[in-house]
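Here is the structure we will look at, set down as structure tokens.
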Amino acid sequence: MNRYPVWKYAIILIALLVGSLYTLPNFFGEAPAVQVSAAKSSVKVDTALQGRVEEALRAAGITPGLMQLEASTLKVRFDTTDQQLKAKDAIQRALAPSADEAPYVVALNLLSRSPQWLSALNAAPMYLGLDLRGGVHFMLQVDMPSALTKKAESLAGDLRSALREKSLRHAGINRNGQSIEVRFREAATAEAAQRLIQDQFPDLLTTTSPDAGDIKLTASLKPDAGRKVQEQALKQNITTLHNRINELGVAEPVIQQQGLDRIVVQLPGVQDTAKAKDILGRTATLEIRMVEDSSEARAAELGSGPVPFGTERFLERNGQAVIVKKQVILTGENLTDAQPGFDSQTQEAAVHLTLDAKGARIFRDVTRESVGKRMAILLFEKGKGEVVTAPVIRSEIGGGRVQISGRMSTVEANDVALLLRAGSLAAPMDIIEERTIGPSLGAENIAKGFNSVTWGFAAVAAFMCLYYMLFGLFSSIALGVNLLLLVAVLSMLQATLTLPGMAAMALVLGMAIDANVLINERVREELRNGASPQAAIHAGYERAWATILDSNVTTLIAGLALLAFGSGPVRGFAVVHCLGILTSMFSAVFFSRGLVNLWYGGQKRLQSVSIGTVWRAETSAGSGDSSKGLNRP
Amino acid sequence: MEFFKIRRDIPFMRNALAFNAVSLITFLAAVFFLFSRGLHLSVEFTGGTLMEVAYSQPADLTQARNAIAALGYADVQVQNFGTARDVLIRLPAVKGVSSAQQSEKVLGALKQADASAELRRTEFVGPQVGDELAADGLKALAFVVVGIVLYLAFRFEWKFAVAAIIANLHDVIIILGFFAFFQWEFSLPVLAAVLAVLGYSVNESVVIFDRIRENFRRFRKMDTVGIIDNAITSTISRTIITHGCTQLMVLSMLLFGGATLYYFALALTIGILFGIYSSVFVAAAIAMWLGIRREDLIKNVKKEGDPDDPNAGAVV
């Protein structure tokens with residue numbers, strides 16, 4: 001009766017095999033590496049780049065280790081950190097000579113030393129959290145009310161021009177908080193205005209109310225339109241952050257939305273928090289100016305003359321110089337949106353800009369006067385300007401919708417739109433949480449967590465073996481399998497392992513042994529009550545199962561609550577805790593039974609089992625019918 | 001080896017009243033200290049900045065304190081953390097000053113006083129985050145309580161569910177009472193430990209309840225008190241051994257886990273000790289007084305597996 005069918009052993013074997021396979025990468029350690037990735041979407045990371053990197057390294061006299069070319073990154077391993085640092089400098093010099101307009105991000109990284117065939121199986125070591133590897137963590141809160149206010153402001157402007165176009169007389173438009181108030185003298189005009197808003201402004205919800213002889217029309221953003229504004233603001237801020245962090249040269253930055261209005265930024269390995277904060281908090285500004293087209297300016301553009309008075313020289317992104325006037329026509333504040341798209345007639349790639357009412361008016365006036373001339377859109381960051389694009393004005397542009405097209409690929413259009421949006425953070429952000437962990441502390445934390453698990457495990461295993469003899473050994477092996485499976489699952493899921501996570505690992509092992517204690521005690525009790533060894537093993541496992549299930553479910557409920565409501569360190573704890581409970585159900589019950597079955601199951605005339613002392617009282621140990629059969633040998 | 005050579009059932013329930021009085025007194029003391037002293041909440045809950053600075057020699061706390069006081073901070077805590085060379089500094093949240101400037105200014109001042117000062121870790125939490133964390137913590141607690149009550153009510157009966165949750169909430173309050181009395185720092189990992197303890201010590205009650213249910217089926221003639229006594233007696237060895245093993249793990253964390261895991265392990269230790277006490281003495285007693293009967297559980301009779309079935313085995 002204590003035999004498993006072959007398929008059950010097969011399951012155990014497969015679980016062990018897969019578990020060991022995915023745990024394996026954790027033992028190889030990490031190799032210092034340099035990672036090259038594209039800073040702009042128009043730059044490709046391909047074999048040509050790999051060649052350039054190889055050449056640069058050869059020139060510097062460094063022999064690289066394994067090179068891995070992935071979708072958008074090239075990773076090169078080295079033997080020592082010394083080589084890694086030298087190689088980084090060499091590659092940086094070859095690929096990105098000036099830090100300001102580098103096409104590639106060259107960053108230091110640590111790569112698993114695990115062999116290629118393991119990586120091919122997607123087996124990677126556990127993903128260590130910041131408290132174990134060192135780095136910076138920020139949580140930024142996006143100021144949503146100000147995003148909504150900005151939107152209301154721009155809608156108020158649009159509404160003003162729309163009313164003027166239809167010659168609807170009003171007695172004043174005001175933005176009050178996030179709603180727009182328009183006053184009308186006559187009821188008929190108010191109604192007409194309301195119809196106009198319904199037709200042209202689908203995002204607005206209107207109500208009218210009499211107010212001191214006038215009629216007050218209040219237009220506010222519809223809830224779903226408001227949500228859309230917030231979503232866009234968040235997305236735009238994330239994009240902007242991405243671009244800025246690229247500059248920092250971080251190998252694996254994490255930029256994630258959290259909740260409705262928060263962004264989490266994690267920069268592993270970054271120690272210079274001051275610089276990181278400076279870059280994250282930096283504001284870029286966008287300016288639209290006219291290009292100077294006098295002959296002096298042409299000469300200056302070619303570098304053969306001085307820059308004329310009242311103008312400045314900026315570089316385009318392809319490196320070409322452009323001479324622009326100092327007078328600023330519009331700033332990023334007037335730009336409400338920039339999206340890549342296509343020209344509706346020629347199907348060429350294009351960038352669509354949307355200006356607010358004030359911007360549209362100025363833009364119309366300027367374009368009317370300067371058909372045939374060029375205008376430049378400049379992005380200023382760190383006080384340094386760059387020409388994003390310098391299109392020729394073909395005709396007067398009114399209405400605030402501007403299309404830039406011609407000689408542009410879709411990738412370029414994407415880039416330009418992104419840069420334009422980056423110039424205007426949709427809403428200001430505040431750092432509301434910040435954590436910095438030094439690298440030495442990270443290493444110490446790993447050692448602490450590792451020691452806690454090892455010594456705790458050793459103590460428990462030693463005790464179990466002493467107390468329950470062979471059954472204790474089985475339990476200890478099962479506990480070891482639990483640890484193996486837990487590490488394998490964590491590696492597979494690439495869940496973040498933190499110090500509280502390691503604590504959870506220790507705790508879960510301490511709790512998992514409970515199931516084996518339950519079983520072993522039960523088997524002893526059955527033996528005490530006179531059951532034959534085989535029957536005792538069977539009954540012990542059978543009867544303990546219901547209890548184990550109940551107690552694991554209650555523990556799991558607590559774990560899930562922590563997972564659902566916890567954040568940061570608590571979440572790290574909860575993930576490991578929940579996974580550990582699940583793996584323990586497999587190892588402590590199914591696997592340990594397998595071991596016992598394998599050892600004892602085949603013996604027909606089993607006389608005794610090695611489970612430590614089965615102590616029997618001369619009189620009844622319990623009461624009721626449990627007393628019978630106590631005197632059996 | 002066998003630690004527990006118990007000849008007859010220990011009459012636990014005879015002294016139930018005394019045990020419950022002890023629980024009640026501990027509980028009331030815990031509540032009293034919670035209100036009179038309050039929890040010493042960490043920066044994560046209150047908002048503010050925390051800095052860990054390491055020196056090459058044992059740190060001069062007064063010097064560090066003076067250096068920071070010179071920057072104009074009124075309420076700054078400077079203390080050793082783990083070793084004599086590590087210093088932990090807590091700064092209150094200041095409106096209008098960003099965390100970045102705060103921590104850099106302080107580190108600058110410390111470096112001026114002693115050039116070997118090295119920043120190991122900073123943590124800044126805005127006040128709004130702290131409030132949310134506290135709210136989330138309470139939500140998690142409520143979720144655990146409701147979840148466990150529902151599950152136990154479904155698996156056993158509502159009387160068991162109520163008894164288990166009362167017994168184990170009493171553990172939680174007592175852990176909090178300890179933290180309030182000794183003014184140990186209550187941080188997020190400690191909160192996690194407290195909730196884990198709640199799930200863990202319910203385990204204990206479940207094991208005993210399970211045995212009570214089984215006994216109700218097996219010993220038809222025994223009265224409720226006898227059944228409970230027998231159930232506790234026959235599981236006591238497992239209870240002590242299991243908790244001993246878990247405690248070995250926690251002890252290892254207490255010894256090797258360093259300052260970060262210290263209070264986490266401490267909360268678990270208290271939780272484990274009181275978990276045993278409350279499951280054995282409190283939960284069963286409350287269930288008894290709520291009037292559990294054989295009829296409440298008999299309807300739950302499950303089909304026992306055929307012991308001769310060759311495929312019978314554990315099911316996962």
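By convention here, the chains of the structure tokens are called A, B, ... in the order presented, each chain's residues are numbered starting at 1, and ligands are numbered starting at 1 in the order presented.
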Contacts of chain A with chain B up to 6 Å, shortest pair per row, only C-alpha atoms, as CSV:
```
residue,atom,partner,partner_atom,distance
A:Met1,CA,B:Pro310,CA,4.8
A:Ile432,CA,B:Gly126,CA,4.6
A:Glu433,CA,B:Val125,CA,4.3
A:Glu434,CA,B:Phe124,CA,4.7
A:Arg435,CA,B:Glu123,CA,4.2
A:Thr436,CA,B:Thr122,CA,4.9
A:Ile437,CA,B:Arg121,CA,4.4
A:Gly438,CA,B:Arg120,CA,4.7
A:Lys448,CA,B:Gly257,CA,4.8
A:Gly449,CA,B:Gly257,CA,5.9
A:Ser452,CA,B:Met253,CA,4.7
A:Gly456,CA,B:Met249,CA,4.2
A:Val460,CA,B:Cys245,CA,5.6
A:Tyr467,CA,B:Met1,CA,5.2
A:Gly510,CA,B:Thr246,CA,4.0
A:Met511,CA,B:Thr246,CA,5.8
A:Asp514,CA,B:Thr242,CA,5.1
A:Thr547,CA,B:Val207,CA,5.8
A:Ser551,CA,B:Asn203,CA,4.4
A:Thr554,CA,B:Gly199,CA,5.5
A:Thr555,CA,B:Gly199,CA,4.2
A:Ala558,CA,B:Gly199,CA,5.1
A:Ala561,CA,B:Ala140,CA,5.1
A:Phe565,CA,B:Asp136,CA,5.5
A:Val570,CA,B:Ala192,CA,5.8
A:Phe590,CA,B:Ala314,CA,5.8
A:Gly612,CA,B:Met1,CA,5.5
A:Thr613,CA,B:Met1,CA,5.1
A:Ala617,CA,B:Arg7,CA,5.9
A:Ala621,CA,B:Arg7,CA,4.9
A:Gly622,CA,B:Arg8,CA,5.7
```
Would you export the selected residues with N, CA and C atoms as a CSV table (one decimal), in the first residue's frame, please?
```csv
chain,number,residue,atom,x,y,z
A,1,MET,N,0.8,-1.2,0.0
A,1,MET,CA,0.0,0.0,0.0
A,1,MET,C,0.9,1.3,0.0
A,432,ILE,N,8.7,61.3,-3.7
A,432,ILE,CA,8.1,61.1,-2.4
A,432,ILE,C,8.7,60.0,-1.6
A,433,GLU,N,9.6,59.2,-2.3
A,433,GLU,CA,10.2,58.2,-1.6
A,433,GLU,C,11.6,57.9,-2.2
A,434,GLU,N,12.6,57.7,-1.4
A,434,GLU,CA,13.9,57.6,-2.0
A,434,GLU,C,14.7,56.6,-1.1
A,435,ARG,N,15.4,55.7,-1.7
A,435,ARG,CA,16.2,54.8,-1.0
A,435,ARG,C,17.6,54.7,-1.7
A,436,THR,N,18.6,54.7,-1.0
A,436,THR,CA,19.9,54.5,-1.5
A,436,THR,C,20.6,53.4,-0.7
A,437,ILE,N,21.1,52.4,-1.4
A,437,ILE,CA,21.8,51.4,-0.7
A,437,ILE,C,23.2,51.3,-1.3
A,438,GLY,N,24.2,51.4,-0.4
A,438,GLY,CA,25.6,51.3,-0.9
A,438,GLY,C,25.9,49.9,-1.3
A,448,LYS,N,24.3,38.1,5.2
A,448,LYS,CA,23.4,37.9,6.4
A,448,LYS,C,22.2,37.0,6.1
A,449,GLY,N,21.6,37.3,4.9
A,449,GLY,CA,20.4,36.5,4.6
A,449,GLY,C,20.9,35.0,4.4
A,452,SER,N,21.7,33.3,7.6
A,452,SER,CA,20.4,33.0,8.4
A,452,SER,C,19.8,31.7,7.9
A,456,GLY,N,20.1,28.2,10.1
A,456,GLY,CA,18.7,27.8,10.5
A,456,GLY,C,18.4,26.4,9.9
A,460,VAL,N,17.8,22.9,12.0
A,460,VAL,CA,16.6,22.1,11.9
A,460,VAL,C,16.8,20.7,11.4
A,467,TYR,N,16.0,13.4,16.2
A,467,TYR,CA,14.7,13.1,16.8
A,467,TYR,C,14.0,12.0,16.1
A,510,GLY,N,11.2,27.1,8.2
A,510,GLY,CA,10.9,26.7,9.5
A,510,GLY,C,9.4,26.3,9.6
A,511,MET,N,8.6,26.9,8.8
A,511,MET,CA,7.2,26.5,8.8
A,511,MET,C,6.9,25.2,8.0
A,514,ASP,N,6.9,21.9,9.7
A,514,ASP,CA,5.7,21.6,10.4
A,514,ASP,C,5.0,20.4,9.8
A,547,THR,N,-4.9,18.2,7.9
A,547,THR,CA,-4.4,19.2,8.8
A,547,THR,C,-3.4,20.1,8.1
A,551,SER,N,-3.8,24.1,7.6
A,551,SER,CA,-2.9,25.1,8.2
A,551,SER,C,-2.1,25.8,7.1
A,554,THR,N,-4.5,28.7,5.7
A,554,THR,CA,-4.5,29.9,6.6
A,554,THR,C,-3.3,30.7,6.5
A,555,THR,N,-2.1,30.0,6.4
A,555,THR,CA,-0.9,30.8,6.2
A,555,THR,C,-0.9,31.5,4.9
A,558,ALA,N,-2.8,34.8,4.9
A,558,ALA,CA,-1.9,35.9,5.4
A,558,ALA,C,-0.9,36.4,4.4
A,561,ALA,N,-2.6,38.4,1.7
A,561,ALA,CA,-3.0,39.7,2.2
A,561,ALA,C,-1.8,40.7,2.1
A,565,PHE,N,-1.7,44.0,-0.2
A,565,PHE,CA,-1.7,45.4,0.3
A,565,PHE,C,-0.2,45.9,0.6
A,570,VAL,N,7.7,44.7,2.2
A,570,VAL,CA,6.6,43.7,2.6
A,570,VAL,C,6.3,42.8,1.4
A,590,PHE,N,4.2,15.2,-0.8
A,590,PHE,CA,4.3,14.4,-2.0
A,590,PHE,C,5.7,13.8,-2.1
A,612,GLY,N,12.7,6.9,15.4
A,612,GLY,CA,13.0,7.3,16.7
A,612,GLY,C,12.2,6.5,17.7
A,613,THR,N,12.3,6.9,19.0
A,613,THR,CA,11.6,6.2,20.0
A,613,THR,C,10.1,6.2,19.9
A,617,ALA,N,3.3,3.9,27.1
A,617,ALA,CA,3.0,3.8,28.5
A,617,ALA,C,2.5,2.4,28.9
A,621,ALA,N,-2.3,5.4,26.9
A,621,ALA,CA,-1.7,6.7,26.7
A,621,ALA,C,-2.8,7.7,26.5
A,622,GLY,N,-3.8,7.4,25.8
A,622,GLY,CA,-4.9,8.3,25.6
A,622,GLY,C,-6.1,7.7,26.4
```
Which residues are near Arg528 (chain A)? Cut-off 7 Å, only C-alpha atoms, ignore same chain within fewer than 4 positions. Put them as a PDB file with C-alpha atoms, in the first residue's frame.
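Result file is around21.pdb:
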```
ATOM      1  CA  ARG A 524       4.590   7.389  15.744  1.00  0.00           C
ATOM      2  CA  VAL A 614       8.023   5.056  19.949  1.00  0.00           C
ATOM      3  CA  TRP A 615       7.362   5.360  23.605  1.00  0.00           C
ATOM      4  CA  ARG A 616       4.552   3.368  25.128  1.00  0.00           C
ATOM      5  CA  LEU A 630      -0.747  -1.570  23.098  1.00  0.00           C
TER       6      LEU A 630
END
```
*Skip Asn176 (chain A) itself and residues of its chain fewer than 3 positions away, then list as a PyMOL selection string all residues within 12 Å of it, counting only C-alpha atoms.*
chain A and resi 148-150+152-153+156+173+179-182+217-220
Please write the residues from the selection above to a file, keeping C-alpha atoms, as a short mmCIF file (atom, residue, chain, number, x, y, z; two decimals), in the first residue's frame.
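Contents of part.cif, freshly written:
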```
data_model
loop_
_atom_site.label_atom_id
_atom_site.label_comp_id
_atom_site.auth_asym_id
_atom_site.auth_seq_id
_atom_site.Cartn_x
_atom_site.Cartn_y
_atom_site.Cartn_z
CA LEU A 148 -5.75 68.85 -15.31
CA THR A 149 -5.43 72.58 -14.70
CA LYS A 150 -3.10 72.87 -17.66
CA ALA A 152 -8.46 73.25 -18.60
CA GLU A 153 -6.36 76.32 -19.32
CA ALA A 156 -10.43 77.75 -22.08
CA ILE A 173 -14.21 83.45 -19.71
CA SER A 179 -13.48 74.00 -14.78
CA ILE A 180 -14.15 76.85 -17.17
CA GLU A 181 -16.76 79.49 -16.44
CA VAL A 182 -18.28 81.59 -19.22
CA LEU A 217 -22.09 78.40 -18.14
CA THR A 218 -19.73 76.02 -16.36
CA ALA A 219 -17.82 73.56 -18.48
CA SER A 220 -15.81 70.85 -16.79
#
```
*asked:* Among region 6-76 of chain B, which ones does DSSP assign to strand (DSSP E) (computed from the backbone)? Answer as a list in words.
replied: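 Assigned to strand (DSSP E), within region 6-76 of chain B: His40, Leu41, Gly48, Thr49, Leu50, Met51, Glu52, Val53 and Ala54 of chain B.
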*Quick one: everything within 12 Å of Asp343 (chain A), counting only C-alpha atoms, minus sequence neighbours fewer than 2 positions away in the same chain. Send it as a list of chain:residue names.*
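Returned residues: A:Pro340, A:Gly341, A:Gln345, A:Thr346, A:Gln347, A:Glu348, A:Ala349, A:Ala350, A:Val351, A:His352, A:Val402, A:Gln403, A:Ile404, A:Ser405, A:Gly406, A:Arg407, A:Met408, A:Thr410, A:Ala413.
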May I have the residues from that selection written out with C-alpha atoms, as a short mmCIF file (atom, residue, chain, number, x, y, z; two decimals), in the first residue's frame?
```cif
data_model
loop_
_atom_site.label_atom_id
_atom_site.label_comp_id
_atom_site.auth_asym_id
_atom_site.auth_seq_id
_atom_site.Cartn_x
_atom_site.Cartn_y
_atom_site.Cartn_z
CA PRO A 340 4.03 60.81 -34.88
CA GLY A 341 1.74 59.99 -37.79
CA GLN A 345 -2.22 63.11 -48.71
CA THR A 346 1.28 61.92 -49.40
CA GLN A 347 1.37 59.16 -46.76
CA GLU A 348 4.77 60.43 -45.73
CA ALA A 349 5.84 60.09 -42.13
CA ALA A 350 4.98 63.24 -40.22
CA VAL A 351 4.82 64.74 -36.77
CA HIS A 352 1.57 66.36 -35.70
CA VAL A 402 0.81 71.86 -37.24
CA GLN A 403 2.21 69.08 -39.36
CA ILE A 404 5.90 68.64 -39.96
CA SER A 405 6.66 66.29 -42.82
CA GLY A 406 9.11 65.51 -45.57
CA ARG A 407 12.42 63.66 -45.66
CA MET A 408 11.59 61.79 -42.50
CA THR A 410 8.78 56.80 -39.32
CA ALA A 413 9.12 60.98 -36.75
#
```
Residues near Val575 (chain A), anyone? I mean within 10 Å using only C-alpha atoms, not counting same-chain ones fewer than 4 positions away, as a PDB file with C-alpha atoms, in the first residue's frame.
```
ATOM      1  CA  LEU A 490      12.173  32.495  -7.927  1.00  0.00           C
ATOM      2  CA  ALA A 495      10.849  37.752  -8.958  1.00  0.00           C
ATOM      3  CA  THR A 496      12.854  40.320  -7.065  1.00  0.00           C
ATOM      4  CA  LEU A 497      14.684  38.844  -4.097  1.00  0.00           C
ATOM      5  CA  GLY A 501      12.558  37.924   0.943  1.00  0.00           C
ATOM      6  CA  ALA A 504      10.782  34.822   4.318  1.00  0.00           C
ATOM      7  CA  MET A 505      12.812  31.972   2.852  1.00  0.00           C
ATOM      8  CA  GLY A 559       0.647  35.736   2.644  1.00  0.00           C
ATOM      9  CA  LEU A 560      -1.832  36.850  -0.009  1.00  0.00           C
ATOM     10  CA  LEU A 562       0.611  40.920   2.404  1.00  0.00           C
ATOM     11  CA  LEU A 563       0.999  40.523  -1.332  1.00  0.00           C
ATOM     12  CA  VAL A 570       6.640  43.727   2.566  1.00  0.00           C
ATOM     13  CA  ARG A 571       5.934  42.693  -0.996  1.00  0.00           C
ATOM     14  CA  LEU A 579       5.716  30.640  -3.190  1.00  0.00           C
ATOM     15  CA  GLY A 580       7.426  28.860  -0.315  1.00  0.00           C
TER      16      GLY A 580
END
```
*Skip Ile362 (chain A) itself and residues of its chain fewer than 4 positions away, then list as a PyMOL selection string all residues within 8 Å of it, counting only C-alpha atoms.*
chain A and resi 329-330+358+366
How would the residues just chosen look if you wrote them out with C-alpha atoms as a PDB file, in the first residue's frame?
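Once written, again-v8.pdb looks like this:
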```
ATOM      1  CA  ILE A 329       8.340  82.896 -30.977  1.00  0.00           C
ATOM      2  CA  LEU A 330       6.807  80.159 -28.863  1.00  0.00           C
ATOM      3  CA  LYS A 358      -2.441  81.526 -27.712  1.00  0.00           C
ATOM      4  CA  VAL A 366       4.230  84.213 -37.924  1.00  0.00           C
TER       5      VAL A 366
END
```
*Name all residues at most 12 Å from Phe12 (chain B) (count only C-alpha atoms; drop same-chain ones fewer than 4 positions away) and give them as an MDAnalysis selection string.*
chainID B and resid 8 16:20 225:233 236 277 279:285 288
For the residues selected in the previous step, produce a file with C-alpha atoms as a PDB file, in the first residue's frame.
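Result file follows (out_5.pdb):
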```pdb
ATOM      1  CA  ARG B   8      -2.769  10.321  30.513  1.00  0.00           C
ATOM      2  CA  ALA B  16      -9.092  27.199  31.420  1.00  0.00           C
ATOM      3  CA  LEU B  17     -10.407  30.028  33.534  1.00  0.00           C
ATOM      4  CA  ALA B  18      -6.997  30.718  35.075  1.00  0.00           C
ATOM      5  CA  PHE B  19      -5.300  30.633  31.684  1.00  0.00           C
ATOM      6  CA  ASN B  20      -7.819  32.980  30.214  1.00  0.00           C
ATOM      7  CA  VAL B 225     -13.915  18.679  27.895  1.00  0.00           C
ATOM      8  CA  GLY B 226     -12.352  15.224  27.678  1.00  0.00           C
ATOM      9  CA  ILE B 227     -12.211  15.461  23.905  1.00  0.00           C
ATOM     10  CA  ILE B 228     -10.474  18.816  24.002  1.00  0.00           C
ATOM     11  CA  ASP B 229      -8.004  17.631  26.648  1.00  0.00           C
ATOM     12  CA  ASN B 230      -7.216  14.538  24.605  1.00  0.00           C
ATOM     13  CA  ALA B 231      -6.812  16.587  21.435  1.00  0.00           C
ATOM     14  CA  ILE B 232      -4.386  19.008  23.062  1.00  0.00           C
ATOM     15  CA  THR B 233      -2.444  16.244  24.786  1.00  0.00           C
ATOM     16  CA  ILE B 236       1.311  18.879  22.240  1.00  0.00           C
ATOM     17  CA  TYR B 277       0.152  29.633  24.488  1.00  0.00           C
ATOM     18  CA  SER B 279      -3.653  28.109  20.631  1.00  0.00           C
ATOM     19  CA  VAL B 280      -3.315  25.623  23.422  1.00  0.00           C
ATOM     20  CA  PHE B 281      -4.890  27.533  26.255  1.00  0.00           C
ATOM     21  CA  VAL B 282      -7.021  30.243  24.734  1.00  0.00           C
ATOM     22  CA  ALA B 283      -8.447  29.088  21.412  1.00  0.00           C
ATOM     23  CA  ALA B 284      -9.687  25.728  22.668  1.00  0.00           C
ATOM     24  CA  ALA B 285     -11.122  27.289  25.813  1.00  0.00           C
ATOM     25  CA  MET B 288     -15.465  25.272  24.568  1.00  0.00           C
TER      26      MET B 288
END
```
_Can you measure CA of Thr207 (chain A) to CA of Leu155 (chain A) for me? One decimal in Å is fine._
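These atoms are spaced 16.2 Å apart.
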*Give me every helix (DSSP H, G or I) residue in region 2-194 of chain B, going by DSSP on the backbone, as a ChimeraX atom specification.*
/B:12-36,43-46,61-69,99-113,127-155,158-182,188-194
Write a file of the selected residues as a short mmCIF file (atom, residue, chain, number, x, y, z; two decimals), in the first residue's frame, keeping C-alpha atoms.
```cif
data_model
loop_
_atom_site.label_atom_id
_atom_site.label_comp_id
_atom_site.auth_asym_id
_atom_site.auth_seq_id
_atom_site.Cartn_x
_atom_site.Cartn_y
_atom_site.Cartn_z
CA PHE B 12 -5.94 21.59 30.33
CA MET B 13 -9.54 22.66 30.36
CA ARG B 14 -9.85 22.37 34.11
CA ASN B 15 -7.66 25.41 34.41
CA ALA B 16 -9.09 27.20 31.42
CA LEU B 17 -10.41 30.03 33.53
CA ALA B 18 -7.00 30.72 35.07
CA PHE B 19 -5.30 30.63 31.68
CA ASN B 20 -7.82 32.98 30.21
CA ALA B 21 -7.39 35.35 33.12
CA VAL B 22 -3.65 35.41 32.43
CA SER B 23 -4.35 36.09 28.75
CA LEU B 24 -6.76 38.83 29.61
CA ILE B 25 -4.28 40.54 31.92
CA THR B 26 -1.46 40.35 29.35
CA PHE B 27 -3.83 41.56 26.69
CA LEU B 28 -5.02 44.51 28.77
CA ALA B 29 -1.45 45.39 29.67
CA ALA B 30 -0.55 45.33 25.97
CA VAL B 31 -3.48 47.57 25.11
CA PHE B 32 -2.56 49.90 27.95
CA PHE B 33 1.02 50.27 26.73
CA LEU B 34 -0.13 50.67 23.15
CA PHE B 35 -2.21 53.66 24.18
CA SER B 36 0.02 55.13 26.86
CA VAL B 43 10.46 56.49 9.03
CA GLU B 44 8.44 54.41 6.58
CA PHE B 45 5.26 55.25 8.47
CA THR B 46 5.98 58.71 9.79
CA LEU B 61 27.87 60.29 18.34
CA THR B 62 28.04 63.64 20.14
CA GLN B 63 30.20 65.07 17.41
CA ALA B 64 27.82 63.82 14.75
CA ARG B 65 24.85 65.17 16.71
CA ASN B 66 26.46 68.59 16.99
CA ALA B 67 27.36 68.64 13.31
CA ILE B 68 23.73 67.97 12.38
CA ALA B 69 22.34 70.35 15.00
CA SER B 99 15.05 64.77 0.39
CA ALA B 100 18.02 65.02 -1.91
CA GLN B 101 19.21 68.29 -0.50
CA GLN B 102 18.56 67.13 3.03
CA SER B 103 20.64 63.96 2.94
CA GLU B 104 23.46 65.59 1.02
CA LYS B 105 23.67 68.51 3.38
CA VAL B 106 23.80 66.23 6.38
CA LEU B 107 26.43 63.99 4.83
CA GLY B 108 28.46 67.06 3.95
CA ALA B 109 28.37 68.23 7.55
CA LEU B 110 29.31 64.77 8.84
CA LYS B 111 32.21 64.48 6.41
CA GLN B 112 33.49 67.83 7.60
CA ALA B 113 33.47 66.57 11.16
CA PRO B 127 4.46 61.98 4.68
CA GLN B 128 1.64 60.95 2.34
CA VAL B 129 3.33 57.59 1.67
CA GLY B 130 3.55 56.94 5.41
CA ASP B 131 -0.16 57.47 5.92
CA GLU B 132 -0.94 55.13 3.03
CA LEU B 133 1.33 52.44 4.43
CA ALA B 134 -0.45 52.57 7.76
CA ALA B 135 -3.82 52.37 6.00
CA ASP B 136 -2.61 49.46 3.84
CA GLY B 137 -1.34 47.68 6.91
CA LEU B 138 -4.74 47.89 8.54
CA LYS B 139 -6.42 46.73 5.34
CA ALA B 140 -4.10 43.73 5.18
CA LEU B 141 -4.91 42.89 8.78
CA ALA B 142 -8.64 43.08 8.07
CA PHE B 143 -8.20 40.93 4.97
CA VAL B 144 -6.34 38.26 6.93
CA VAL B 145 -8.90 38.24 9.74
CA VAL B 146 -11.89 37.99 7.40
CA GLY B 147 -10.17 35.44 5.15
CA ILE B 148 -9.24 33.16 8.01
CA VAL B 149 -12.65 33.41 9.69
CA LEU B 150 -14.38 32.54 6.42
CA TYR B 151 -12.07 29.63 5.69
CA LEU B 152 -12.34 28.13 9.15
CA ALA B 153 -16.09 28.65 9.22
CA PHE B 154 -16.24 26.76 5.94
CA ARG B 155 -13.87 23.97 6.98
CA TRP B 158 -18.17 29.41 12.98
CA LYS B 159 -17.47 28.80 16.67
CA PHE B 160 -14.01 27.47 15.83
CA ALA B 161 -13.39 30.36 13.47
CA VAL B 162 -14.30 32.92 16.11
CA ALA B 163 -12.26 31.17 18.79
CA ALA B 164 -9.18 30.92 16.54
CA ILE B 165 -9.29 34.52 15.43
CA ILE B 166 -9.82 35.88 18.94
CA ALA B 167 -6.92 33.83 20.26
CA ASN B 168 -4.61 34.94 17.49
CA LEU B 169 -5.59 38.58 17.39
CA HIS B 170 -4.68 38.53 21.05
CA ASP B 171 -1.21 37.38 19.98
CA VAL B 172 -0.95 40.26 17.56
CA ILE B 173 -1.96 42.80 20.21
CA ILE B 174 0.57 41.31 22.62
CA ILE B 175 3.38 41.58 20.06
CA LEU B 176 2.39 45.21 19.49
CA GLY B 177 2.29 45.66 23.27
CA PHE B 178 5.88 44.46 23.52
CA PHE B 179 6.95 46.85 20.81
CA ALA B 180 5.16 49.69 22.58
CA PHE B 181 6.55 48.81 26.02
CA PHE B 182 10.18 48.54 24.92
CA LEU B 188 7.48 47.50 7.55
CA PRO B 189 9.27 44.15 7.97
CA VAL B 190 7.91 43.99 11.53
CA LEU B 191 4.42 44.53 10.15
CA ALA B 192 5.04 41.66 7.74
CA ALA B 193 6.23 39.51 10.64
CA VAL B 194 3.11 40.33 12.65
#
```
